[in-house]
>>> print(open('start.txt').read())   # compact mmCIF, C-alpha atoms (C1' of nucleotides)
# COMPACT_ATOMS: atom_id res chain seq x y z
CA MET A 260 -15.08 34.20 -4.83
CA ALA A 261 -11.43 35.04 -5.03
CA GLY A 262 -10.38 32.72 -7.74
CA PRO A 263 -10.87 32.25 -11.40
CA LYS A 264 -12.99 29.45 -12.77
CA TRP A 265 -10.13 26.99 -12.98
CA LEU A 266 -7.49 25.71 -10.64
CA ASP A 267 -3.88 26.62 -11.29
CA PRO A 268 -1.44 23.77 -11.92
CA GLU A 269 -0.35 23.35 -8.32
CA GLU A 270 -3.89 23.40 -7.05
CA MET A 271 -4.94 20.90 -9.70
CA LYS A 272 -2.02 18.64 -8.89
CA ALA A 273 -2.85 18.69 -5.18
CA TRP A 274 -6.54 18.06 -5.82
CA ARG A 275 -6.08 15.20 -8.24
CA LEU A 276 -3.41 13.41 -6.25
CA TYR A 277 -5.47 13.80 -3.12
CA ILE A 278 -8.59 12.33 -4.71
CA THR A 279 -7.08 9.37 -6.49
CA THR A 280 -4.51 8.50 -3.86
CA SER A 281 -7.08 8.56 -1.10
CA VAL A 282 -8.98 5.75 -2.80
CA ASP A 283 -5.84 3.66 -3.19
CA LEU A 284 -4.80 4.32 0.38
CA MET A 285 -8.15 3.23 1.76
CA LYS A 286 -8.05 0.00 -0.20
CA ALA A 287 -4.56 -0.75 1.06
CA LEU A 288 -5.60 -0.15 4.66
CA GLU A 289 -8.64 -2.33 4.08
CA ASP A 290 -6.33 -5.13 2.92
CA ASP A 291 -4.31 -4.87 6.12
CA VAL A 292 -7.23 -5.37 8.52
CA ARG A 293 -9.02 -8.02 6.44
CA PRO A 294 -6.89 -10.89 7.84
CA PHE A 295 -8.50 -10.20 11.22
CA GLY A 296 -11.99 -10.52 9.81
CA LEU A 297 -12.48 -6.76 9.98
CA THR A 298 -13.39 -4.08 7.50
CA MET A 299 -12.12 -0.56 8.00
CA GLY A 300 -15.67 0.35 8.91
CA ASP A 301 -15.67 -2.23 11.68
CA TYR A 302 -12.26 -1.10 12.88
CA GLN A 303 -13.29 2.53 13.05
CA LEU A 304 -16.44 1.59 14.91
CA LEU A 305 -14.51 -0.39 17.50
CA ALA A 306 -11.86 2.32 17.81
CA MET A 307 -14.47 5.02 18.29
CA ILE A 308 -16.28 3.14 21.04
CA SER A 309 -13.04 2.21 22.77
CA GLU A 310 -12.25 5.87 23.39
CA ALA A 311 -15.59 6.76 24.91
CA PRO A 312 -16.20 6.74 28.67
CA ASP A 313 -17.02 3.20 29.84
CA ARG A 314 -16.25 2.11 26.28
CA ARG A 315 -19.84 2.71 25.29
CA LEU A 316 -21.50 5.22 23.00
CA ARG A 317 -25.06 6.11 22.09
CA MET A 318 -26.02 4.81 18.68
CA CYS A 319 -26.76 8.23 17.26
CA ASP A 320 -23.51 9.75 18.49
CA LEU A 321 -21.65 6.83 17.01
CA ALA A 322 -23.42 7.30 13.68
CA ASP A 323 -22.46 10.97 13.59
CA GLN A 324 -18.84 10.30 14.40
CA LEU A 325 -18.58 7.54 11.84
CA ARG A 326 -20.33 9.64 9.18
CA LEU A 327 -22.99 7.00 8.81
CA SER A 328 -26.71 7.44 8.55
CA ARG A 329 -28.76 5.94 11.34
CA SER A 330 -29.80 3.05 9.17
CA GLY A 331 -26.25 2.56 7.98
CA LEU A 332 -25.12 2.17 11.57
CA THR A 333 -27.93 -0.28 12.34
CA ARG A 334 -26.70 -2.49 9.52
CA ARG A 335 -23.06 -2.16 10.43
CA MET A 336 -23.86 -3.09 14.01
CA ASP A 337 -25.28 -6.39 12.77
CA GLY A 338 -21.80 -7.60 11.98
CA VAL A 339 -20.02 -6.54 15.15
CA LEU A 340 -22.94 -7.74 17.28
CA SER A 341 -22.98 -11.20 15.75
CA ASN A 342 -19.24 -11.44 16.32
CA ALA A 343 -19.86 -10.35 19.92
CA TRP A 344 -17.30 -7.59 19.67
CA VAL A 345 -19.95 -5.11 20.71
CA ALA A 346 -22.99 -5.51 22.92
CA ARG A 347 -26.21 -3.60 22.67
CA VAL A 348 -27.27 -2.03 25.97
CA GLN A 349 -30.64 -0.40 26.39
CA ASP A 350 -30.71 2.82 28.42
CA GLN A 351 -32.96 2.44 31.47
CA ALA A 352 -33.65 6.14 31.89
CA ASP A 353 -34.52 6.92 28.27
CA ARG A 354 -35.83 3.78 26.69
CA ARG A 355 -35.45 5.09 23.17
CA VAL A 356 -31.71 5.05 23.58
CA ALA A 357 -29.39 2.14 22.95
CA TYR A 358 -25.69 2.06 23.67
CA ALA A 359 -23.07 0.20 21.73
CA GLU A 360 -20.66 -1.20 24.30
CA LEU A 361 -17.34 -2.81 23.55
CA THR A 362 -17.16 -6.34 24.93
CA THR A 363 -14.03 -7.86 26.42
CA LYS A 364 -13.72 -9.87 23.25
CA GLY A 365 -13.95 -6.71 21.16
CA TRP A 366 -11.44 -4.94 23.37
CA ASN A 367 -8.98 -7.79 23.09
CA LEU A 368 -9.34 -7.83 19.32
CA LEU A 369 -8.81 -4.09 19.12
CA ARG A 370 -5.70 -4.27 21.29
CA LYS A 371 -4.31 -6.82 18.89
CA VAL A 372 -5.27 -5.05 15.65
CA ALA A 373 -4.66 -1.40 16.57
CA PRO A 374 -0.84 -1.58 16.51
CA ILE A 375 -0.96 -3.37 13.19
CA HIS A 376 -3.36 -0.87 11.73
CA LEU A 377 -1.33 2.06 12.96
CA ALA A 378 1.80 0.47 11.56
CA SER A 379 -0.01 0.37 8.20
CA VAL A 380 -0.86 4.04 8.48
CA ARG A 381 2.81 4.71 9.12
CA ARG A 382 4.09 2.49 6.39
CA LEU A 383 1.63 3.63 3.73
CA MET A 384 1.42 7.31 4.62
CA ILE A 385 3.11 8.95 7.58
CA ASP A 386 6.61 7.57 7.09
CA HIS A 387 6.74 9.03 3.58
CA LEU A 388 6.05 12.56 4.77
CA THR A 389 8.21 15.27 6.25
CA ARG A 390 7.20 16.75 9.56
CA ALA A 391 6.15 19.90 7.70
CA GLU A 392 3.86 17.90 5.43
CA VAL A 393 2.25 16.19 8.41
CA LYS A 394 1.63 19.55 10.01
CA ALA A 395 0.30 21.00 6.78
CA ILE A 396 -2.15 18.14 6.34
CA GLY A 397 -3.29 18.60 9.92
CA SER A 398 -3.85 22.32 9.59
CA ALA A 399 -5.31 22.08 6.09
CA PHE A 400 -7.94 19.51 6.94
CA GLU A 401 -8.69 21.26 10.18
CA LYS A 402 -9.65 24.37 8.23
CA ILE A 403 -11.57 22.42 5.63
CA SER A 404 -13.40 20.61 8.39
CA LYS A 405 -14.37 23.84 10.13
CA ALA A 406 -15.60 25.31 6.87
CA LEU A 407 -17.80 22.28 6.30
CA GLN A 408 -19.44 22.51 9.73
CA PRO A 409 -22.74 24.34 9.19
CA MET B 39 10.29 0.54 10.61
CA ALA B 40 11.44 3.82 12.06
CA GLY B 41 8.55 4.58 14.31
CA PRO B 42 7.10 3.36 17.52
CA LYS B 43 3.82 1.49 17.62
CA TRP B 44 1.74 4.63 17.99
CA LEU B 45 1.44 7.91 16.18
CA ASP B 46 2.54 11.05 17.94
CA PRO B 47 -0.06 13.77 18.53
CA GLU B 48 0.63 15.69 15.33
CA GLU B 49 0.59 12.57 13.23
CA MET B 50 -2.62 11.42 14.85
CA LYS B 51 -4.21 14.80 14.35
CA ALA B 52 -3.30 14.83 10.68
CA TRP B 53 -4.48 11.27 10.17
CA ARG B 54 -7.82 11.67 11.90
CA LEU B 55 -8.70 14.99 10.35
CA TYR B 56 -7.74 13.67 6.96
CA ILE B 57 -9.93 10.58 7.28
CA THR B 58 -13.06 12.14 8.69
CA THR B 59 -12.91 15.37 6.71
CA SER B 60 -12.42 13.51 3.45
CA VAL B 61 -15.77 11.80 3.90
CA ASP B 62 -17.51 15.09 4.63
CA LEU B 63 -15.82 16.78 1.70
CA MET B 64 -16.89 14.07 -0.72
CA LYS B 65 -20.47 14.31 0.43
CA ALA B 66 -20.46 18.08 0.00
CA LEU B 67 -19.06 17.78 -3.54
CA GLU B 68 -21.66 15.13 -4.27
CA ASP B 69 -24.37 17.58 -3.21
CA ASP B 70 -23.05 20.19 -5.61
CA VAL B 71 -23.23 18.03 -8.74
CA ARG B 72 -26.52 16.32 -7.88
CA PRO B 73 -28.65 19.20 -9.27
CA PHE B 74 -27.28 18.29 -12.69
CA GLY B 75 -28.36 14.68 -12.37
CA LEU B 76 -24.79 13.58 -11.81
CA THR B 77 -22.98 11.67 -9.13
CA MET B 78 -19.33 12.38 -8.47
CA GLY B 79 -18.63 9.02 -10.05
CA ASP B 80 -20.38 10.10 -13.24
CA TYR B 81 -18.58 13.43 -13.20
CA GLN B 82 -15.17 11.85 -12.83
CA LEU B 83 -15.96 9.41 -15.61
CA LEU B 84 -16.95 12.20 -17.97
CA ALA B 85 -13.96 14.33 -16.97
CA MET B 86 -11.57 11.45 -17.47
CA ILE B 87 -12.84 10.66 -20.95
CA SER B 88 -12.88 14.32 -21.95
CA GLU B 89 -9.13 14.57 -21.47
CA ALA B 90 -8.28 11.55 -23.58
CA PRO B 91 -7.38 11.81 -27.28
CA ASP B 92 -10.57 11.93 -29.38
CA ARG B 93 -12.44 12.06 -26.10
CA ARG B 94 -12.55 8.30 -25.99
CA LEU B 95 -10.96 5.75 -23.70
CA ARG B 96 -10.78 1.98 -23.59
CA MET B 97 -13.00 0.50 -20.92
CA CYS B 98 -10.18 -1.14 -19.04
CA ASP B 99 -8.02 1.99 -18.98
CA LEU B 100 -10.99 3.95 -17.76
CA ALA B 101 -11.63 1.42 -15.00
CA ASP B 102 -8.03 1.67 -13.83
CA GLN B 103 -8.03 5.44 -13.78
CA LEU B 104 -11.33 5.60 -11.94
CA ARG B 105 -10.21 2.96 -9.44
CA LEU B 106 -13.15 0.80 -10.37
CA SER B 107 -13.23 -2.91 -11.00
CA ARG B 108 -14.15 -4.00 -14.50
CA SER B 109 -17.62 -4.94 -13.41
CA GLY B 110 -17.98 -1.73 -11.47
CA LEU B 111 -17.28 0.22 -14.63
CA THR B 112 -19.74 -1.85 -16.65
CA ARG B 113 -22.47 -0.91 -14.19
CA ARG B 114 -21.50 2.71 -13.99
CA MET B 115 -21.53 2.92 -17.77
CA ASP B 116 -25.19 1.88 -17.74
CA GLY B 117 -26.13 5.26 -16.33
CA VAL B 118 -24.09 7.48 -18.61
CA LEU B 119 -25.03 5.39 -21.64
CA SER B 120 -28.74 5.62 -20.99
CA ASN B 121 -28.38 9.37 -20.59
CA ALA B 122 -26.48 9.41 -23.89
CA TRP B 123 -23.59 11.30 -22.34
CA VAL B 124 -21.25 8.56 -23.47
CA ALA B 125 -21.43 6.21 -26.44
CA ARG B 126 -20.05 2.73 -26.61
CA VAL B 127 -17.81 2.18 -29.62
CA GLN B 128 -16.53 -1.24 -30.54
CA ASP B 129 -12.95 -1.42 -31.74
CA GLN B 130 -12.76 -2.81 -35.30
CA ALA B 131 -9.18 -4.00 -35.06
CA ASP B 132 -9.43 -5.82 -31.73
CA ARG B 133 -13.00 -6.89 -31.31
CA ARG B 134 -12.65 -7.58 -27.61
CA VAL B 135 -12.14 -3.88 -26.98
CA ALA B 136 -14.83 -1.29 -26.40
CA TYR B 137 -14.28 2.43 -26.13
CA ALA B 138 -16.28 4.85 -24.05
CA GLU B 139 -16.65 7.98 -26.13
CA LEU B 140 -18.01 11.29 -24.92
CA THR B 141 -21.00 12.41 -26.96
CA THR B 142 -21.70 16.02 -27.87
CA LYS B 143 -24.42 15.95 -25.27
CA GLY B 144 -21.97 14.70 -22.67
CA TRP B 145 -19.40 17.27 -23.68
CA ASN B 146 -21.92 20.08 -23.39
CA LEU B 147 -22.99 18.88 -19.98
CA LEU B 148 -19.41 18.68 -18.82
CA ARG B 149 -18.65 22.18 -20.06
CA LYS B 150 -21.56 23.43 -18.01
CA VAL B 151 -20.82 21.46 -14.85
CA ALA B 152 -17.02 21.61 -14.72
CA PRO B 153 -16.75 25.27 -13.70
CA ILE B 154 -19.36 24.73 -11.02
CA HIS B 155 -17.63 21.66 -9.71
CA LEU B 156 -14.26 23.35 -9.67
CA ALA B 157 -15.80 26.31 -7.89
CA SER B 158 -16.98 23.84 -5.26
CA VAL B 159 -13.49 22.43 -4.91
CA ARG B 160 -12.26 25.98 -4.38
CA ARG B 161 -14.96 26.99 -1.97
CA LEU B 162 -14.84 23.83 0.11
CA MET B 163 -11.12 23.15 0.05
CA ILE B 164 -8.57 25.17 -1.90
CA ASP B 165 -9.63 28.65 -0.82
CA HIS B 166 -9.13 27.73 2.83
CA LEU B 167 -5.52 26.71 2.33
CA THR B 168 -2.28 28.63 2.13
CA ARG B 169 -0.11 28.14 -0.91
CA ALA B 170 2.30 26.15 1.27
CA GLU B 171 -0.48 23.80 2.34
CA VAL B 172 -1.53 23.24 -1.27
CA LYS B 173 2.06 22.41 -2.18
CA ALA B 174 2.43 20.16 0.83
CA ILE B 175 -0.69 18.21 -0.05
CA GLY B 176 0.55 17.84 -3.61
CA SER B 177 3.96 16.58 -2.60
CA ALA B 178 2.64 14.43 0.24
CA PHE B 179 0.10 12.56 -1.82
CA GLU B 180 2.54 12.26 -4.67
CA LYS B 181 4.90 10.37 -2.39
CA ILE B 182 2.12 8.27 -0.90
CA SER B 183 0.90 7.46 -4.38
CA LYS B 184 4.35 6.35 -5.52
CA ALA B 185 4.74 4.18 -2.45
CA LEU B 186 1.43 2.47 -3.19
CA GLN B 187 2.37 1.48 -6.73
CA PRO B 188 2.80 -2.28 -6.64
C1' DC C 194 -1.75 -23.66 -37.84
C1' DC C 195 -3.36 -25.47 -33.60
C1' DG C 196 -4.28 -25.44 -28.50
C1' DG C 197 -3.36 -23.25 -24.23
C1' DA C 198 -2.71 -18.93 -21.95
C1' DT C 199 -3.87 -14.05 -21.75
C1' DT C 200 -6.79 -10.06 -22.17
C1' DG C 201 -11.33 -7.43 -22.42
C1' DG C 202 -15.71 -7.20 -20.91
C1' DT C 203 -20.36 -8.85 -18.80
C1' DT C 204 -23.39 -11.32 -15.51
C1' DG C 205 -24.90 -13.54 -10.93
C1' DC C 206 -24.56 -12.74 -6.43
C1' DG C 207 -23.69 -10.68 -2.03
C1' DA C 208 -22.17 -6.71 0.92
C1' DT C 209 -22.66 -1.85 2.14
C1' DC C 210 -25.21 2.12 2.74
C1' DA C 211 -28.66 6.04 2.09
C1' DC C 212 -33.52 7.65 1.87
C1' DA C 213 -38.15 7.35 3.25
C1' DA C 214 -41.55 5.44 6.07
C1' DC C 215 -42.45 3.50 10.36
C1' DT C 216 -42.64 2.47 15.63
C1' DA C 217 -41.74 3.84 20.14
C1' DT C 218 -40.49 6.92 23.61
C1' DA C 219 -39.91 11.47 25.63
C1' DC C 220 -40.81 16.40 25.98
C1' DG C 221 -43.47 20.79 26.31
C1' DG C 222 -47.14 24.13 26.09
C1' DA C 223 -52.08 24.94 26.97
C1' DT D 220 -53.40 15.93 31.73
C1' DC D 221 -53.28 15.69 26.87
C1' DC D 222 -51.83 16.32 22.28
C1' DG D 223 -48.49 17.83 18.98
C1' DT D 224 -43.68 17.66 18.11
C1' DA D 225 -39.11 16.06 18.40
C1' DT D 226 -35.79 12.29 19.04
C1' DA D 227 -33.89 7.28 18.76
C1' DG D 228 -33.66 3.50 16.21
C1' DT D 229 -35.28 -0.19 12.67
C1' DT D 230 -37.06 -1.87 8.26
C1' DG D 231 -38.22 -1.87 3.09
C1' DT D 232 -36.24 -0.63 -0.99
C1' DG D 233 -33.00 0.66 -4.36
C1' DA D 234 -28.23 2.19 -5.86
C1' DT D 235 -23.31 1.16 -6.07
C1' DC D 236 -19.64 -1.86 -6.40
C1' DG D 237 -16.42 -6.00 -5.82
C1' DC D 238 -15.53 -11.00 -6.51
C1' DA D 239 -15.99 -15.15 -8.96
C1' DA D 240 -17.50 -17.29 -12.91
C1' DC D 241 -18.13 -16.83 -17.48
C1' DC D 242 -17.74 -15.90 -22.73
C1' DA D 243 -15.28 -14.08 -26.58
C1' DA D 244 -11.29 -12.62 -29.04
C1' DT D 245 -6.35 -12.43 -29.44
C1' DC D 246 -1.64 -13.99 -28.83
C1' DC D 247 2.04 -17.29 -28.74
C1' DG D 248 4.98 -21.53 -28.48
C1' DG D 249 5.77 -25.56 -30.82
>>> encode(input="start.txt", output="structure tokens")
Amino acid sequence: MAGPKWLDPEEMKAWRLYITTSVDLMKALEDDVRPFGLTMGDYQLLAMISEAPDRRLRMCDLADQLRLSRSGLTRRMDGVLSNAWVARVQDQADRRVAYAELTTKGWNLLRKVAPIHLASVRRLMIDHLTRAEVKAIGSAFEKISKALQP
Amino acid sequence: MAGPKWLDPEEMKAWRLYITTSVDLMKALEDDVRPFGLTMGDYQLLAMISEAPDRRLRMCDLADQLRLSRSGLTRRMDGVLSNAWVARVQDQADRRVAYAELTTKGWNLLRKVAPIHLASVRRLMIDHLTRAEVKAIGSAFEKISKALQP
DNA sequence: CCGGATTGGTTGCGATCACAACTATACGGA
DNA sequence: TCCGTATAGTTGTGATCGCAACCAATCCGG
């Protein structure tokens, strides 16, 4: 390991601000989607499905992409299913498989909320950053992500 | 608001990698402290107290710094109290106030775990970044943090 | 010095989510 | 074909945490 046991002041500053600010940022984004009856978890689920072919995704792929356990996804689906934003579609070929499919109602909701959510991301984060900082965050987390892949 | 409704590709890349990688990173750090019987929440609580004068902190200040609600902190204290890492000390002057005070046992644990935790932060995050990226993350989250202050 | 407002902290309750155990389906080698 | 294994998803249980309601102690205006 290259480094000493401790982080130098700049590393410590980056680490601490990243950790504490991330929590605050998430709560603020949560506040901005709540008026639509959504949690950030719901929003991310809808957004993820909306980008898949036919606006449907296998449950287990969805769980992986959302960083949820299988059971976590089952429980989260309860909410979006009962609101009829997502429909459950059983695969005919492999009957173990279920798809989560965005309904028209879900799609309409997402079209309404997405611009507002993205405006929040801008207002709370992106608009405060220089282009270089945006790029640095992109490249930094890309490397961190790759290193985490095992 | 300066921007259009959507994020441009670099902004979107930064945003998405930041969001998803942060979850993975937290889980990996969680894994690294678990062998010591700690959660990251416990660790951050101990670390926060350890830096305060006399290694004690008022409950409500601790809750604010940890981004926990009052009740959330009460519950989290249950764990560290029963492990005797932290002691509860009632303030004599203002009898509403309780302090969370690091015990010798808690201090010894923290001295053992801190280098290992910080090594994890290095290995999983800092060591993959250039100095410029570390600085950019520091300055970026500093600005985001300031903008979030109500 | 008294009564209302404020502050500090806990408790009841509900939401979220992970782990382990379970069911059901599909696959693959003998 | 058949059985062992792997894969997809759900359910029981327990941990974490926030909100609302609550109690206790302090502060403050009159």
>>> closest_atom_pairs(input="start.txt", of="chain C", to="chain B", cutoff="8 Å", atoms="only C-alpha atoms (C1' of nucleotides)", output="Markdown table")
| residue | atom | partner | partner_atom | distance |
| --- | --- | --- | --- | --- |
| C:DG201 | C1' | B:Arg134 | CA | 5.4 |
| C:DG202 | C1' | B:Arg108 | CA | 7.3 |
| C:DT203 | C1' | B:Ser109 | CA | 7.2 |
>>> write_last_selection(input="start.txt", atoms="C-alpha atoms (C1' of nucleotides)", output="short mmCIF file (atom, residue, chain, number, x, y, z; two decimals), in the frame of the given file")
data_model
loop_
_atom_site.label_atom_id
_atom_site.label_comp_id
_atom_site.auth_asym_id
_atom_site.auth_seq_id
_atom_site.Cartn_x
_atom_site.Cartn_y
_atom_site.Cartn_z
"C1'" DG C 201 -11.33 -7.43 -22.42
"C1'" DG C 202 -15.71 -7.20 -20.91
"C1'" DT C 203 -20.36 -8.85 -18.80
#
>>> calpha_fit_and_write(input="start.txt", fixed="chain A", moving="chain B", output="CSV table (one decimal) with C-alpha atoms, keeping the file's coordinate frame")
chain,number,residue,atom,x,y,z
B,39,MET,CA,-15.0,34.2,-4.7
B,40,ALA,CA,-11.3,35.1,-5.1
B,41,GLY,CA,-10.3,32.7,-7.8
B,42,PRO,CA,-10.8,32.2,-11.4
B,43,LYS,CA,-13.0,29.5,-12.8
B,44,TRP,CA,-10.1,27.0,-13.0
B,45,LEU,CA,-7.5,25.7,-10.6
B,46,ASP,CA,-3.9,26.6,-11.3
B,47,PRO,CA,-1.4,23.8,-11.9
B,48,GLU,CA,-0.3,23.4,-8.3
B,49,GLU,CA,-3.9,23.4,-7.0
B,50,MET,CA,-4.9,20.9,-9.7
B,51,LYS,CA,-2.0,18.7,-8.9
B,52,ALA,CA,-2.9,18.7,-5.2
B,53,TRP,CA,-6.5,18.1,-5.8
B,54,ARG,CA,-6.1,15.2,-8.2
B,55,LEU,CA,-3.4,13.4,-6.2
B,56,TYR,CA,-5.5,13.8,-3.1
B,57,ILE,CA,-8.6,12.3,-4.7
B,58,THR,CA,-7.1,9.4,-6.5
B,59,THR,CA,-4.5,8.5,-3.9
B,60,SER,CA,-7.1,8.6,-1.1
B,61,VAL,CA,-9.0,5.8,-2.8
B,62,ASP,CA,-5.9,3.7,-3.2
B,63,LEU,CA,-4.8,4.3,0.4
B,64,MET,CA,-8.2,3.2,1.8
B,65,LYS,CA,-8.1,0.0,-0.2
B,66,ALA,CA,-4.6,-0.7,1.1
B,67,LEU,CA,-5.6,-0.1,4.7
B,68,GLU,CA,-8.6,-2.3,4.1
B,69,ASP,CA,-6.3,-5.1,2.9
B,70,ASP,CA,-4.3,-4.9,6.1
B,71,VAL,CA,-7.2,-5.4,8.5
B,72,ARG,CA,-9.0,-8.0,6.5
B,73,PRO,CA,-6.9,-10.9,7.8
B,74,PHE,CA,-8.5,-10.2,11.2
B,75,GLY,CA,-12.0,-10.5,9.8
B,76,LEU,CA,-12.5,-6.8,10.0
B,77,THR,CA,-13.4,-4.1,7.5
B,78,MET,CA,-12.1,-0.6,8.0
B,79,GLY,CA,-15.7,0.4,8.9
B,80,ASP,CA,-15.7,-2.2,11.7
B,81,TYR,CA,-12.3,-1.1,12.9
B,82,GLN,CA,-13.3,2.5,13.1
B,83,LEU,CA,-16.4,1.6,14.9
B,84,LEU,CA,-14.5,-0.4,17.5
B,85,ALA,CA,-11.9,2.3,17.8
B,86,MET,CA,-14.5,5.0,18.3
B,87,ILE,CA,-16.3,3.1,21.0
B,88,SER,CA,-13.1,2.2,22.8
B,89,GLU,CA,-12.2,5.9,23.4
B,90,ALA,CA,-15.6,6.8,24.9
B,91,PRO,CA,-16.2,6.7,28.7
B,92,ASP,CA,-17.0,3.2,29.8
B,93,ARG,CA,-16.3,2.1,26.3
B,94,ARG,CA,-19.8,2.7,25.3
B,95,LEU,CA,-21.5,5.2,23.0
B,96,ARG,CA,-25.1,6.1,22.1
B,97,MET,CA,-26.0,4.8,18.7
B,98,CYS,CA,-26.8,8.2,17.3
B,99,ASP,CA,-23.5,9.8,18.5
B,100,LEU,CA,-21.7,6.8,17.0
B,101,ALA,CA,-23.4,7.3,13.7
B,102,ASP,CA,-22.5,11.0,13.6
B,103,GLN,CA,-18.8,10.3,14.4
B,104,LEU,CA,-18.6,7.5,11.8
B,105,ARG,CA,-20.3,9.6,9.2
B,106,LEU,CA,-23.0,7.0,8.8
B,107,SER,CA,-26.7,7.5,8.5
B,108,ARG,CA,-28.8,6.0,11.3
B,109,SER,CA,-29.8,3.1,9.2
B,110,GLY,CA,-26.3,2.6,8.0
B,111,LEU,CA,-25.1,2.2,11.6
B,112,THR,CA,-27.9,-0.2,12.4
B,113,ARG,CA,-26.7,-2.5,9.6
B,114,ARG,CA,-23.1,-2.1,10.4
B,115,MET,CA,-23.9,-3.1,14.0
B,116,ASP,CA,-25.3,-6.4,12.8
B,117,GLY,CA,-21.8,-7.6,12.0
B,118,VAL,CA,-20.0,-6.5,15.2
B,119,LEU,CA,-22.9,-7.7,17.3
B,120,SER,CA,-23.0,-11.2,15.7
B,121,ASN,CA,-19.2,-11.4,16.3
B,122,ALA,CA,-19.9,-10.4,19.9
B,123,TRP,CA,-17.3,-7.6,19.7
B,124,VAL,CA,-19.9,-5.1,20.7
B,125,ALA,CA,-23.0,-5.5,22.9
B,126,ARG,CA,-26.2,-3.6,22.7
B,127,VAL,CA,-27.3,-2.1,25.9
B,128,GLN,CA,-30.6,-0.4,26.4
B,129,ASP,CA,-30.7,2.8,28.4
B,130,GLN,CA,-33.0,2.4,31.5
B,131,ALA,CA,-33.6,6.1,31.9
B,132,ASP,CA,-34.5,6.9,28.3
B,133,ARG,CA,-35.8,3.8,26.8
B,134,ARG,CA,-35.5,5.1,23.2
B,135,VAL,CA,-31.7,5.1,23.6
B,136,ALA,CA,-29.4,2.1,22.9
B,137,TYR,CA,-25.7,2.1,23.7
B,138,ALA,CA,-23.1,0.2,21.7
B,139,GLU,CA,-20.7,-1.2,24.3
B,140,LEU,CA,-17.3,-2.8,23.5
B,141,THR,CA,-17.1,-6.3,24.9
B,142,THR,CA,-14.0,-7.9,26.4
B,143,LYS,CA,-13.7,-9.9,23.2
B,144,GLY,CA,-13.9,-6.7,21.2
B,145,TRP,CA,-11.4,-4.9,23.4
B,146,ASN,CA,-9.0,-7.8,23.1
B,147,LEU,CA,-9.3,-7.8,19.3
B,148,LEU,CA,-8.8,-4.1,19.1
B,149,ARG,CA,-5.7,-4.3,21.3
B,150,LYS,CA,-4.3,-6.8,18.9
B,151,VAL,CA,-5.3,-5.0,15.7
B,152,ALA,CA,-4.6,-1.4,16.6
B,153,PRO,CA,-0.8,-1.6,16.5
B,154,ILE,CA,-1.0,-3.4,13.2
B,155,HIS,CA,-3.4,-0.9,11.7
B,156,LEU,CA,-1.3,2.1,12.9
B,157,ALA,CA,1.8,0.5,11.5
B,158,SER,CA,0.0,0.4,8.2
B,159,VAL,CA,-0.9,4.0,8.5
B,160,ARG,CA,2.8,4.7,9.1
B,161,ARG,CA,4.1,2.5,6.4
B,162,LEU,CA,1.6,3.6,3.7
B,163,MET,CA,1.4,7.3,4.6
B,164,ILE,CA,3.1,8.9,7.6
B,165,ASP,CA,6.6,7.6,7.1
B,166,HIS,CA,6.8,9.0,3.6
B,167,LEU,CA,6.1,12.6,4.8
B,168,THR,CA,8.2,15.3,6.2
B,169,ARG,CA,7.2,16.7,9.5
B,170,ALA,CA,6.2,19.9,7.7
B,171,GLU,CA,3.9,17.9,5.4
B,172,VAL,CA,2.3,16.2,8.4
B,173,LYS,CA,1.6,19.6,10.0
B,174,ALA,CA,0.3,21.0,6.8
B,175,ILE,CA,-2.1,18.2,6.3
B,176,GLY,CA,-3.3,18.6,9.9
B,177,SER,CA,-3.8,22.3,9.6
B,178,ALA,CA,-5.3,22.1,6.1
B,179,PHE,CA,-7.9,19.5,6.9
B,180,GLU,CA,-8.7,21.3,10.2
B,181,LYS,CA,-9.6,24.4,8.2
B,182,ILE,CA,-11.6,22.4,5.6
B,183,SER,CA,-13.4,20.6,8.4
B,184,LYS,CA,-14.3,23.9,10.1
B,185,ALA,CA,-15.6,25.3,6.9
B,186,LEU,CA,-17.8,22.3,6.3
B,187,GLN,CA,-19.6,22.6,9.6
B,188,PRO,CA,-23.1,23.7,8.8
>>> interface_residues(input="start.txt", of="chain D", to="chain A", cutoff="9 Å", atoms="all atoms listed in the file", output="JSON, numbers by chain")
{"D": [226, 227, 228, 229, 230]}
>>> atom_distance(input="start.txt", atom1="atom CA of Lys405 of chain A", atom2="atom CA of Pro268 of chain A")
25.6 Å
>>> residues_around(input="start.txt", residues="DA211 of chain C", least_positions_apart="2", cutoff="12 Å", atoms="all atoms listed in the file", output="ChimeraX atom specification")
/A:326-332,334 /B:65 /C:209,213 /D:232-235
>>> write_last_selection(input="start.txt", atoms="C-alpha atoms (C1' of nucleotides)", output="short mmCIF file (atom, residue, chain, number, x, y, z; two decimals), keeping the file's coordinate frame")
data_model
loop_
_atom_site.label_atom_id
_atom_site.label_comp_id
_atom_site.auth_asym_id
_atom_site.auth_seq_id
_atom_site.Cartn_x
_atom_site.Cartn_y
_atom_site.Cartn_z
CA ARG A 326 -20.33 9.64 9.18
CA LEU A 327 -22.99 7.00 8.81
CA SER A 328 -26.71 7.44 8.55
CA ARG A 329 -28.76 5.94 11.34
CA SER A 330 -29.80 3.05 9.17
CA GLY A 331 -26.25 2.56 7.98
CA LEU A 332 -25.12 2.17 11.57
CA ARG A 334 -26.70 -2.49 9.52
CA LYS B 65 -20.47 14.31 0.43
"C1'" DT C 209 -22.66 -1.85 2.14
"C1'" DA C 213 -38.15 7.35 3.25
"C1'" DT D 232 -36.24 -0.63 -0.99
"C1'" DG D 233 -33.00 0.66 -4.36
"C1'" DA D 234 -28.23 2.19 -5.86
"C1'" DT D 235 -23.31 1.16 -6.07
#
>>> residues_around(input="start.txt", residues="Ser309 of chain A", least_positions_apart="3", cutoff="8 Å", atoms="all atoms listed in the file", output="list of chain:residue names")
A:Leu305, A:Ala306, A:Arg314, A:Arg315, A:Leu361, A:Trp366
